[in-house]
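Note: the block below is start.cif and it holds mmCIF, C-alpha atoms.
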```cif
data_target
loop_
_atom_site.label_atom_id
_atom_site.label_comp_id
_atom_site.auth_asym_id
_atom_site.auth_seq_id
_atom_site.Cartn_x
_atom_site.Cartn_y
_atom_site.Cartn_z
CA MET A 1 -25.97 -2.73 -0.87
CA THR A 2 -28.56 -5.36 -1.62
CA GLY A 3 -28.73 -9.05 -1.14
CA VAL A 4 -28.59 -11.46 1.76
CA PHE A 5 -25.45 -12.53 3.54
CA PHE A 6 -24.97 -15.61 5.66
CA GLU A 7 -23.06 -15.51 8.92
CA THR A 8 -22.76 -18.11 11.64
CA GLY A 9 -26.14 -18.10 13.34
CA SER A 10 -27.51 -15.06 11.52
CA LEU A 11 -28.70 -13.49 8.27
CA PHE A 12 -27.63 -10.00 7.16
CA SER A 13 -29.47 -7.80 4.72
CA GLY A 14 -29.60 -4.09 4.04
CA PRO A 15 -26.94 -1.37 4.21
CA GLU A 16 -26.70 -0.91 8.00
CA PRO A 17 -26.90 -4.28 9.79
CA ASP A 18 -26.30 -4.75 13.49
CA PRO A 19 -23.64 -7.47 13.57
CA ALA A 20 -23.74 -8.10 17.31
CA GLY A 21 -27.53 -8.09 17.49
CA ASP A 22 -27.87 -10.33 14.46
CA ALA A 23 -25.35 -12.72 16.02
CA GLY A 24 -27.69 -13.21 18.99
CA HIS A 25 -26.33 -10.77 21.58
CA PRO A 26 -29.26 -9.22 23.48
CA ASP A 27 -28.96 -5.44 23.94
CA PRO A 28 -25.34 -5.26 22.70
CA PRO A 29 -23.26 -2.17 23.48
CA GLU A 30 -22.39 0.34 20.77
CA ARG A 31 -20.22 -1.13 18.04
CA VAL A 32 -16.57 -0.13 18.39
CA GLY A 33 -13.65 -0.17 16.00
CA PHE A 34 -10.37 1.30 14.80
CA PHE A 35 -9.72 4.37 12.66
CA THR A 36 -6.11 4.39 11.47
CA ASP A 37 -4.95 7.79 10.19
CA THR A 38 -1.86 6.94 8.14
CA SER A 39 -1.04 10.62 7.62
CA VAL A 40 0.36 10.83 11.17
CA CYS A 41 1.92 7.36 11.42
CA ILE A 42 5.67 7.67 12.11
CA GLY A 43 6.48 3.97 11.71
CA CYS A 44 7.63 3.54 15.30
CA LYS A 45 6.00 0.06 15.53
CA ALA A 46 4.88 0.70 19.11
CA CYS A 47 1.55 -0.85 18.13
CA GLU A 48 3.25 -4.06 16.99
CA VAL A 49 5.22 -4.34 20.21
CA ALA A 50 2.21 -3.59 22.42
CA CYS A 51 0.09 -6.12 20.56
CA LYS A 52 2.70 -8.85 20.96
CA GLU A 53 3.30 -8.10 24.63
CA TRP A 54 -0.35 -7.97 25.67
CA ASN A 55 -1.48 -11.00 23.66
CA ALA A 56 1.68 -13.06 24.30
CA ILE A 57 2.25 -13.53 20.56
CA PRO A 58 5.49 -15.34 19.63
CA GLU A 59 8.15 -13.57 17.60
CA ASP A 60 7.98 -14.13 13.89
CA GLY A 61 11.52 -14.12 12.60
CA LEU A 62 12.29 -10.39 12.50
CA SER A 63 13.94 -10.71 9.09
CA LEU A 64 14.29 -7.64 6.90
CA THR A 65 12.79 -7.87 3.43
CA GLY A 66 15.78 -6.19 1.80
CA MET A 67 13.40 -3.72 0.18
CA SER A 68 12.53 -1.52 3.18
CA TYR A 69 12.89 -1.12 6.94
CA ASP A 70 9.94 -3.47 7.44
CA ASN A 71 10.99 -6.48 9.51
CA THR A 72 7.60 -8.18 9.82
CA GLN A 73 6.56 -8.05 6.14
CA GLY A 74 2.82 -8.59 6.61
CA LEU A 75 -0.05 -9.66 8.81
CA GLY A 76 -0.04 -13.28 9.92
CA ALA A 77 -0.75 -15.73 12.70
CA SER A 78 2.03 -14.19 14.81
CA THR A 79 1.73 -10.60 13.55
CA TRP A 80 -1.67 -9.12 14.37
CA ARG A 81 -0.51 -5.54 13.75
CA HIS A 82 1.83 -4.76 10.88
CA VAL A 83 3.36 -1.37 10.11
CA ALA A 84 4.05 -1.09 6.39
CA PHE A 85 6.92 1.08 5.13
CA ILE A 86 6.29 2.21 1.54
CA GLU A 87 8.96 4.35 -0.06
CA GLN A 88 7.77 6.49 -2.95
CA SER A 89 9.48 8.80 -5.39
CA ALA A 90 7.12 11.73 -5.86
CA PRO A 91 7.13 12.82 -9.53
CA ARG A 92 8.00 16.48 -9.91
CA ARG A 93 5.28 18.76 -11.23
CA VAL A 94 6.37 21.50 -13.61
CA PRO A 95 4.73 24.92 -14.20
CA ALA A 96 2.38 25.19 -17.13
CA GLU A 97 4.20 28.39 -18.12
CA SER A 98 7.42 30.06 -17.10
CA PRO A 99 6.94 32.35 -14.09
CA ALA A 100 7.04 36.09 -14.63
CA PRO A 101 10.51 37.72 -14.53
CA ASP A 102 9.76 39.44 -11.23
CA GLY A 103 9.07 36.05 -9.68
CA ARG A 104 5.90 37.27 -7.97
CA THR A 105 3.39 35.48 -10.17
CA GLN A 106 2.12 32.24 -8.63
CA LEU A 107 1.11 30.05 -11.54
CA PRO A 108 -0.86 26.80 -11.30
CA LEU A 109 1.03 23.53 -11.66
CA ALA A 110 0.62 21.30 -14.66
CA GLU A 111 0.04 17.57 -14.66
CA GLU A 112 2.90 15.24 -13.81
CA ASP A 113 5.55 15.23 -16.51
CA PRO A 114 6.98 11.70 -16.98
CA GLN A 115 10.00 13.20 -18.77
CA GLN A 116 11.03 15.17 -15.71
CA PRO A 117 13.30 13.63 -13.07
CA ALA A 118 11.64 12.42 -9.88
CA GLY A 119 11.12 14.85 -7.06
CA ASP A 120 11.37 14.31 -3.33
CA MET A 121 11.01 10.92 -1.69
CA ARG A 122 8.21 10.24 0.75
CA TRP A 123 7.35 7.48 3.17
CA LEU A 124 3.85 6.09 3.33
CA MET A 125 3.47 4.31 6.66
CA SER A 126 0.40 2.44 7.74
CA SER A 127 -0.43 0.13 10.64
CA ASP A 128 -2.53 -2.66 9.17
CA VAL A 129 -4.82 -4.96 11.15
CA CYS A 130 -7.78 -7.33 10.80
CA LYS A 131 -10.72 -5.37 9.42
CA HIS A 132 -13.42 -7.02 11.62
CA CYS A 133 -15.80 -6.99 8.65
CA THR A 134 -19.53 -6.44 9.01
CA HIS A 135 -20.06 -9.38 6.66
CA ALA A 136 -17.25 -11.71 7.71
CA ALA A 137 -16.66 -14.65 5.40
CA CYS A 138 -14.35 -16.30 7.93
CA LEU A 139 -17.36 -16.70 10.21
CA ASP A 140 -19.45 -18.17 7.41
CA VAL A 141 -17.03 -21.00 6.64
CA CYS A 142 -15.83 -21.95 10.14
CA PRO A 143 -17.22 -25.46 10.86
CA THR A 144 -16.50 -25.52 14.61
CA GLY A 145 -17.67 -22.11 15.78
CA SER A 146 -14.11 -21.18 16.67
CA LEU A 147 -14.71 -17.81 15.01
CA PHE A 148 -17.48 -15.84 16.62
CA ARG A 149 -19.00 -12.35 16.68
CA THR A 150 -18.59 -10.56 20.00
CA GLU A 151 -21.07 -8.21 21.62
CA TYR A 152 -18.90 -5.30 20.41
CA GLY A 153 -19.31 -6.29 16.76
CA THR A 154 -15.75 -7.60 16.47
CA VAL A 155 -14.64 -11.03 15.18
CA VAL A 156 -12.56 -13.28 17.45
CA VAL A 157 -10.91 -16.70 17.04
CA GLN A 158 -11.16 -19.13 19.96
CA GLU A 159 -7.88 -20.96 19.62
CA ASP A 160 -8.94 -23.85 21.85
CA ILE A 161 -11.84 -24.69 19.49
CA CYS A 162 -10.02 -24.21 16.18
CA ASN A 163 -9.41 -27.57 14.48
CA GLY A 164 -6.93 -26.22 11.94
CA CYS A 165 -9.12 -26.87 8.88
CA GLY A 166 -7.92 -23.62 7.30
CA TYR A 167 -11.21 -22.76 5.57
CA CYS A 168 -11.07 -19.23 6.98
CA VAL A 169 -7.72 -18.45 5.32
CA PRO A 170 -8.92 -18.30 1.67
CA ALA A 171 -12.29 -16.92 2.76
CA CYS A 172 -10.83 -13.63 4.02
CA PRO A 173 -10.90 -11.02 1.20
CA TYR A 174 -7.99 -9.16 2.85
CA GLY A 175 -5.66 -12.11 3.41
CA VAL A 176 -5.50 -11.34 7.14
CA ILE A 177 -6.05 -14.64 8.92
CA GLU A 178 -3.33 -17.28 8.86
CA GLN A 179 -2.51 -20.67 10.38
CA ARG A 180 0.56 -21.23 12.54
CA ALA A 181 2.97 -23.71 11.05
CA ASP A 182 3.55 -25.63 14.28
CA ASP A 183 -0.04 -26.70 15.01
CA GLY A 184 -2.17 -25.44 12.09
CA ARG A 185 -4.52 -23.34 14.18
CA ALA A 186 -5.67 -19.95 12.87
CA PHE A 187 -4.94 -16.67 14.64
CA LYS A 188 -5.64 -12.96 14.06
CA CYS A 189 -6.38 -9.70 15.88
CA THR A 190 -9.08 -9.90 18.55
CA MET A 191 -9.22 -6.11 19.07
CA CYS A 192 -8.08 -7.02 22.59
CA TYR A 193 -11.44 -8.57 23.50
CA ASP A 194 -10.29 -9.11 27.08
CA ARG A 195 -9.38 -5.43 27.45
CA LEU A 196 -12.72 -4.32 26.02
CA GLY A 197 -14.52 -6.37 28.65
CA ALA A 198 -12.57 -4.51 31.31
CA GLY A 199 -13.44 -1.10 29.86
CA GLN A 200 -9.96 -0.51 28.39
CA GLU A 201 -8.92 0.38 24.84
CA PRO A 202 -6.87 -2.09 22.78
CA ALA A 203 -3.15 -2.19 23.50
CA CYS A 204 -2.12 -0.91 20.06
CA ALA A 205 -4.26 2.23 20.31
CA LYS A 206 -3.09 2.81 23.87
CA ALA A 207 0.57 2.65 22.80
CA CYS A 208 0.34 4.78 19.63
CA PRO A 209 2.24 8.05 20.37
CA THR A 210 0.68 10.10 17.54
CA ASP A 211 -2.95 8.90 17.75
CA SER A 212 -2.59 7.37 14.31
CA ILE A 213 -4.61 4.44 15.71
CA GLN A 214 -7.86 5.73 17.20
CA PHE A 215 -10.35 3.51 19.00
CA GLY A 216 -13.97 4.20 19.89
CA PRO A 217 -17.61 3.92 18.76
CA LEU A 218 -17.58 3.23 15.03
CA ASP A 219 -20.10 5.92 14.09
CA GLU A 220 -18.08 8.58 15.91
CA LEU A 221 -14.88 7.42 14.25
CA ARG A 222 -16.47 7.70 10.81
CA GLU A 223 -17.51 11.30 11.48
CA ARG A 224 -14.05 12.15 12.80
CA ALA A 225 -12.41 10.53 9.77
CA ALA A 226 -14.55 12.47 7.29
CA LEU A 227 -13.54 15.75 8.95
CA ARG A 228 -9.88 14.73 8.85
CA VAL A 229 -10.05 14.00 5.10
CA ASP A 230 -11.59 17.43 4.47
CA GLN A 231 -8.85 19.03 6.56
CA LEU A 232 -6.08 17.29 4.62
CA GLN A 233 -7.57 18.05 1.22
CA GLU A 234 -7.93 21.73 2.12
CA ALA A 235 -4.29 21.68 3.22
CA GLY A 236 -3.21 20.50 -0.23
CA VAL A 237 -3.24 16.71 0.11
CA PRO A 238 -5.59 15.70 -2.73
CA GLY A 239 -4.77 11.99 -2.39
CA ALA A 240 -6.31 11.72 1.09
CA ARG A 241 -9.18 9.23 1.11
CA LEU A 242 -10.98 6.80 3.40
CA TYR A 243 -10.86 3.04 2.95
CA GLY A 244 -13.23 0.52 4.51
CA HIS A 245 -15.57 3.09 6.07
CA ASP A 246 -18.55 2.68 3.72
CA PRO A 247 -21.38 0.46 5.04
CA GLU A 248 -22.47 -0.14 1.45
CA ASP A 249 -19.20 -1.60 0.20
CA GLY A 250 -18.57 -5.27 -0.59
CA VAL A 251 -18.11 -6.28 3.06
CA GLY A 252 -20.76 -4.04 4.60
CA GLY A 253 -18.11 -1.69 5.98
CA ASP A 254 -15.13 -2.55 8.15
CA GLY A 255 -14.81 -2.35 11.90
CA ALA A 256 -11.24 -1.17 11.25
CA PHE A 257 -10.92 1.43 8.50
CA PHE A 258 -8.16 3.72 7.26
CA LEU A 259 -7.27 7.15 5.97
CA LEU A 260 -4.88 6.61 3.06
CA LEU A 261 -2.74 9.05 1.09
CA ASP A 262 -2.67 7.00 -2.11
CA GLU A 263 -4.53 4.19 -3.85
CA PRO A 264 -5.32 1.12 -1.70
CA GLU A 265 -3.15 -1.08 -3.92
CA VAL A 266 -0.09 0.96 -2.90
CA TYR A 267 -0.65 -0.23 0.67
CA GLY A 268 -1.28 -3.82 -0.39
CA LEU A 269 -5.04 -3.53 0.12
CA PRO A 270 -7.64 -4.80 -2.36
CA PRO A 271 -9.32 -1.86 -4.14
CA ASP A 272 -12.84 -3.31 -3.99
CA PRO A 273 -13.06 -6.14 -1.43
CA VAL A 274 -16.14 -8.36 -1.51
CA VAL A 275 -17.17 -10.92 1.09
CA THR A 276 -16.22 -14.20 -0.50
CA THR A 277 -19.40 -15.96 0.66
CA ARG A 278 -21.66 -13.36 -0.95
CA ASP A 279 -23.02 -15.79 -3.53
CA LEU A 280 -23.61 -18.72 -1.16
CA PRO A 281 -27.42 -18.27 -1.00
CA ALA A 282 -27.72 -18.29 -4.79
CA MET A 283 -25.31 -21.21 -5.05
CA TRP A 284 -27.33 -23.27 -2.58
CA LYS A 285 -30.53 -22.35 -4.41
CA HIS A 286 -29.12 -23.54 -7.73
CA ALA A 287 -27.68 -26.65 -6.10
CA GLY A 288 -31.07 -27.44 -4.57
CA ALA A 289 -32.83 -26.97 -7.90
CA ALA A 290 -30.29 -29.21 -9.61
CA ALA A 291 -30.71 -31.88 -6.93
CA LEU A 292 -34.50 -31.82 -7.34
CA SER A 293 -34.16 -32.11 -11.11
CA LEU A 294 -31.79 -35.05 -10.72
CA ALA A 295 -34.12 -36.75 -8.26
CA ALA A 296 -37.07 -36.22 -10.56
CA GLY A 297 -35.10 -37.66 -13.49
CA ALA A 298 -34.04 -40.68 -11.45
CA ALA A 299 -37.60 -41.32 -10.31
CA ALA A 300 -38.89 -41.04 -13.87
CA SER A 301 -36.29 -43.54 -15.10
CA PHE A 302 -37.75 -46.15 -12.71
CA VAL A 303 -41.44 -45.29 -12.84
CA LEU A 304 -41.85 -44.94 -16.59
CA PRO A 305 -40.45 -48.40 -17.53
CA ALA A 306 -42.60 -49.99 -14.84
CA MET A 307 -45.71 -48.33 -16.21
CA LEU A 308 -44.84 -49.35 -19.76
CA GLY A 309 -44.25 -52.93 -18.57
CA ARG A 310 -47.70 -53.15 -17.00
CA LYS A 311 -49.31 -51.84 -20.20
CA GLY A 312 -47.42 -54.42 -22.26
CA ARG A 313 -48.67 -57.34 -20.09
CA ARG A 314 -52.25 -56.28 -20.63
#
```
Is it possible to express this structure as structure tokens?
Amino acid sequence: MTGVFFETGSLFSGPEPDPAGDAGHPDPPERVGFFTDTSVCIGCKACEVACKEWNAIPEDGLSLTGMSYDNTQGLGASTWRHVAFIEQSAPRRVPAESPAPDGRTQLPLAEEDPQQPAGDMRWLMSSDVCKHCTHAACLDVCPTGSLFRTEYGTVVVQEDICNGCGYCVPACPYGVIEQRADDGRAFKCTMCYDRLGAGQEPACAKACPTDSIQFGPLDELRERAALRVDQLQEAGVPGARLYGHDPEDGVGGDGAFFLLLDEPEVYGLPPDPVVTTRDLPAMWKHAGAAALSLAAGAAASFVLPAMLGRKGRR
């Protein structure tokens, strides 16, 4: 990935930046993050409950959508972890040819046949969370410094400094951060910053009974995730893929990335997220050039008539 990215108090460039170091933390510890393996998520919502209990997050209505068993519907100011329930009808694949009469011939399967009735149902479950982007647009646009980069490379909102301007809400390419209706302040996952300082893992990862949510050094998690994808694909799950792990993507890689079993859009994730402040340097450059041109034109409009006036008096 090329180009220069602005972040509060720092400049990022190149494919593998050091977010904590660039944010001014001397000798920061190894960057940590989340790897969420959706293939083993059972939808128990233990992560949601643990997150709310530890961070004292208020309840958010608990109203069913009417379309699934999901009672929180999405990430928000009072939902920092959200377990999505996606019900799919798996299209049935039909043999390319009829099997041999003895039934012993194992023939390859053809492409999906839209004329055939749907096959078995499947649940796609995924615990979503703030991505703690390497290039975080919410940091770029925050005017008060309420959003800051921690020594662990994560992004945290200081609620006592937030002035409720809401600039961070449209800046997030994932639609994660949100303002609370009662006071307008913005809230999102902190990756349990207080627990990290005490040498503990975040509450959601601690509570997950299947290790769907894994916490640790980001480089180690990426290696573990790549091995898991290979394992699933060898086991006959061709749709297994990683999302948000690539340091050369549009946000410089996420501090919280996922193993998905289908396209990102199925999970409500943007297929190709890009930090929304990517073009700020070029925009300021063009704005500066336009301002200089305007100033030069204004100066000429005053100087030239004055010079012509002096010549006329001679």
Check the smallest atom-to-atom distance from each of A:Glu59, A:Glu53, A:Glu151, A:Asp182 to His25 in chain A using all atoms listed in the file, then report the winner. A:Glu151
Pick from A:Pro17, A:Pro264, A:Pro143, A:Gly199, whichever lies nearest to Gly239 in chain A using all atoms listed in the file: A:Pro264
Check which residues satisfy the PyMOL selection byres ((chain A and resi 81-91) around 6) in the file shown, then give them as a PyMOL selection string. chain A and resi 48+70+74-75+79-80+92+118-129
Within 10 Å of Ile213 in chain A using only C-alpha atoms, minus same-chain residues under 3 positions, as a PyMOL selection string: chain A and resi 34-38+40-41+47+126-128+202+204-210+256+258
Rounded to one decimal, what separation in Å do you get between CA of Val32 in chain A and CA of Gly255 in chain A? 7.1 Å
